[in-house]
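**Student:** Below is the structure I would like to discuss, written out as structure tokens.
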Amino acid sequence: GNSVTQMEGPVTLSEEAFLTINCTYTATGYPSLFWYVQYPGEGLQLLLKATKADDKGSNKGFEATYRKETTSFHLEKGSVQVSDSAVYFCALSVRNSGNTPLVFGKGTRLSVIA
Amino acid sequence: EAGVTQSPTHLIKTRGQQATLRCSPISGHTSVYWYQQALGLGLQFLLWYDEGEERNRGNFPPRFSGRQFPNYSSELNVNALELEDSALYLCASSLFFGTGDTRYSPLHFGNGTRLTVT
């Protein structure tokens with residue numbers, strides 16, 4: 001089946017530190033990969049996506065590269081800010097298996113302290 | 001554009017009662033998805049509707065049901081509430097290009113309905 005595994009949190013970093021949140025997946029078919037972010041009290045927002053191997057998604061200083069050989073889509077940011085404190089979800093969608101809706105990881109809570 | 005709206009924001013019910021949650025998608029979106037976000041369990045897919053039809057269903061018992069109206073808004077009904085149904089229920093909407101189409105339309109989420117079962 002399709003599944004996503006991401007590192008458990010919480011992750012606590014100081015402002016301007018480097019961030020990595022690991023995400024690996026298993027999929028039947030050819031997945032598109034996503035990172036969503038959930039700020040406190042809000043719904044999920046799409047942060048970035050990659051639809052094929054070696055694609056790099058980027059937004060707001062965050063990046064993730066679709067690595068088919070390691071079935072990974074790790075999220076990185078070079079210098080985090082307090083405003084990045086949120087829960088981050090890795091997700092996949094397999095487009096050629098009946099339009100399966102997004103499958104999410106369990107989320108990683110990030111806290112950035114000044 | 002107006003985002004996905006959900007109502008009510010909070011809902012408190014007692015065990016055995018029924019809960020009805022509502023969702024209005026972004027204008028032009030025909031697909032509506034429901035997810036359950038329970039503490040420590042991440043997001044679990046519940047239901048997907050498009051053009052009034054149920055397209056896919058997650059691994060939940062039949063007491064979780066829903067429907068989509070002609071204006072594409074949707075209801076999620078949970079019957080015979082149990083304590084473990086307490087969670088944040090998120091609705092999302094998207095375009096749908098048809099089965100087999102490889103284009104992706106991002107899901108846009110509402111802020112959720114917090115259901116508490118006592």
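Residues in the structure tokens are named by chain (A, B, ... in the order shown) and by number from 1 within that chain; ligands are numbered from 1 in the order shown.
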Could you build a table of the residues in chain A lying no more than 12 Å from chain B, giving for each the nearest pair of atoms and their separation in Å rounded to one decimal place, using only C-alpha atoms, ordered by chain and ascending residue number, as a Markdown table?

**Tutor:**
| residue | atom | partner | partner_atom | distance |
| --- | --- | --- | --- | --- |
| A:Ser3 | CA | B:Gln44 | CA | 11.4 |
| A:Val4 | CA | B:Gly42 | CA | 10.8 |
| A:Thr5 | CA | B:Gly42 | CA | 10.9 |
| A:Gln6 | CA | B:Gly42 | CA | 10.7 |
| A:Glu8 | CA | B:Gly40 | CA | 10.2 |
| A:Gly9 | CA | B:Gly40 | CA | 10.7 |
| A:Pro10 | CA | B:Gly40 | CA | 11.6 |
| A:Gly29 | CA | B:Thr102 | CA | 12.0 |
| A:Tyr30 | CA | B:Thr102 | CA | 10.0 |
| A:Pro31 | CA | B:Thr102 | CA | 10.2 |
| A:Ser32 | CA | B:Tyr104 | CA | 8.4 |
| A:Leu33 | CA | B:Tyr104 | CA | 10.7 |
| A:Phe34 | CA | B:Pro106 | CA | 9.4 |
| A:Trp35 | CA | B:Pro106 | CA | 11.1 |
| A:Tyr36 | CA | B:Leu107 | CA | 9.8 |
| A:Val37 | CA | B:Phe109 | CA | 10.8 |
| A:Gln38 | CA | B:Asn111 | CA | 9.5 |
| A:Tyr39 | CA | B:Asn111 | CA | 10.1 |
| A:Pro40 | CA | B:Asn111 | CA | 10.0 |
| A:Gly41 | CA | B:Asn111 | CA | 7.1 |
| A:Glu42 | CA | B:Asn111 | CA | 4.8 |
| A:Gly43 | CA | B:Asn111 | CA | 4.0 |
| A:Leu44 | CA | B:Phe109 | CA | 5.5 |
| A:Gln45 | CA | B:Phe109 | CA | 6.7 |
| A:Leu46 | CA | B:Pro106 | CA | 7.2 |
| A:Leu47 | CA | B:Pro106 | CA | 10.3 |
| A:Leu48 | CA | B:Pro106 | CA | 10.0 |
| A:Lys49 | CA | B:Pro106 | CA | 9.2 |
| A:Ala50 | CA | B:Tyr104 | CA | 10.5 |
| A:Thr51 | CA | B:Tyr104 | CA | 8.5 |
| A:Lys52 | CA | B:Thr102 | CA | 11.2 |
| A:Val87 | CA | B:Gly42 | CA | 10.2 |
| A:Tyr88 | CA | B:Gly42 | CA | 10.4 |
| A:Phe89 | CA | B:Gly42 | CA | 8.4 |
| A:Cys90 | CA | B:Gly42 | CA | 10.4 |
| A:Ala91 | CA | B:Leu43 | CA | 9.9 |
| A:Leu92 | CA | B:Tyr104 | CA | 11.4 |
| A:Ser93 | CA | B:Tyr104 | CA | 8.9 |
| A:Val94 | CA | B:Thr102 | CA | 9.2 |
| A:Arg95 | CA | B:Thr102 | CA | 5.7 |
| A:Asn96 | CA | B:Gly100 | CA | 5.8 |
| A:Ser97 | CA | B:Gly100 | CA | 7.9 |
| A:Gly98 | CA | B:Thr99 | CA | 6.2 |
| A:Asn99 | CA | B:Thr99 | CA | 6.2 |
| A:Thr100 | CA | B:Asn56 | CA | 7.5 |
| A:Pro101 | CA | B:Trp48 | CA | 7.5 |
| A:Leu102 | CA | B:Phe45 | CA | 7.8 |
| A:Val103 | CA | B:Phe45 | CA | 7.3 |
| A:Phe104 | CA | B:Leu43 | CA | 6.0 |
| A:Gly105 | CA | B:Gly42 | CA | 6.4 |
| A:Lys106 | CA | B:Gly42 | CA | 3.8 |
| A:Gly107 | CA | B:Gly42 | CA | 5.9 |
| A:Thr108 | CA | B:Gly42 | CA | 9.4 |
| A:Arg109 | CA | B:Gly40 | CA | 11.0 |

**Student:** Can you tell me, as a PyMOL selection string, which residues in chain A count as strand (DSSP E or B) by DSSP?

**Tutor:** chain A and resi 3-6+11-14+19-21+23-26+31-38+44-50+56-59+62-65+67+72+75-77+86-94+103-104+108-113

**Student:** Set the distance at 7 Å and use only C-alpha atoms: which residues neighbour region 11-26 of chain B once local chain neighbours fewer than 3 positions away are removed? I'd like the list as a ChimeraX atom specification.

**Tutor:** /B:2-8,29,32,72-83,91,93,114-118

**Student:** Residues within 8 Å of Val112 (chain A), please, as a VMD selection string. Count only C-alpha atoms; anything in the same chain fewer than 5 positions from it doesn't count.

**Tutor:** chain A and resid 12 to 15 80 to 85

**Student:** Only N, CA, C and O atoms, please: the residues just picked out, written as a JSON list (two decimals), in the first residue's frame.

**Tutor:**
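Written file, selection_11.json:
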[["chain", "number", "residue", "atom", "x", "y", "z"],
["A", 12, "THR", "N", 12.88, 21.14, 18.34],
["A", 12, "THR", "CA", 13.07, 22.48, 18.88],
["A", 12, "THR", "C", 14.39, 23.03, 18.39],
["A", 12, "THR", "O", 15.44, 22.39, 18.59],
["A", 13, "LEU", "N", 14.36, 24.18, 17.75],
["A", 13, "LEU", "CA", 15.56, 24.81, 17.20],
["A", 13, "LEU", "C", 15.63, 26.26, 17.62],
["A", 13, "LEU", "O", 14.60, 26.90, 17.86],
["A", 14, "SER", "N", 16.83, 26.77, 17.64],
["A", 14, "SER", "CA", 17.02, 28.19, 17.84],
["A", 14, "SER", "C", 16.88, 28.92, 16.52],
["A", 14, "SER", "O", 17.11, 28.33, 15.44],
["A", 15, "GLU", "N", 16.49, 30.16, 16.59],
["A", 15, "GLU", "CA", 16.35, 30.97, 15.37],
["A", 15, "GLU", "C", 17.64, 30.95, 14.59],
["A", 15, "GLU", "O", 18.74, 30.97, 15.16],
["A", 80, "VAL", "N", 15.94, 28.95, 10.09],
["A", 80, "VAL", "CA", 14.53, 29.01, 10.51],
["A", 80, "VAL", "C", 14.25, 30.27, 11.32],
["A", 80, "VAL", "O", 15.14, 30.84, 11.95],
["A", 81, "GLN", "N", 12.99, 30.66, 11.30],
["A", 81, "GLN", "CA", 12.52, 31.82, 12.05],
["A", 81, "GLN", "C", 11.44, 31.38, 13.04],
["A", 81, "GLN", "O", 10.83, 30.31, 12.87],
["A", 82, "VAL", "N", 11.20, 32.22, 14.03],
["A", 82, "VAL", "CA", 10.16, 31.90, 15.01],
["A", 82, "VAL", "C", 8.83, 31.66, 14.32],
["A", 82, "VAL", "O", 8.05, 30.78, 14.72],
["A", 83, "SER", "N", 8.57, 32.40, 13.25],
["A", 83, "SER", "CA", 7.30, 32.28, 12.52],
["A", 83, "SER", "C", 7.16, 30.94, 11.78],
["A", 83, "SER", "O", 6.08, 30.63, 11.27],
["A", 84, "ASP", "N", 8.23, 30.16, 11.72],
["A", 84, "ASP", "CA", 8.15, 28.82, 11.09],
["A", 84, "ASP", "C", 7.61, 27.77, 12.06],
["A", 84, "ASP", "O", 7.40, 26.61, 11.67],
["A", 85, "SER", "N", 7.40, 28.14, 13.30],
["A", 85, "SER", "CA", 6.87, 27.19, 14.28],
["A", 85, "SER", "C", 5.49, 26.72, 13.84],
["A", 85, "SER", "O", 4.57, 27.52, 13.66]]

**Student:** Using only C-alpha atoms, which residue out of A:Leu19, A:Phe73, A:Ala27, A:Val11 lies closest to Gly61 (chain A)?

**Tutor:**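 Closest to Gly61 (chain A), using only C-alpha atoms: A:Leu19.
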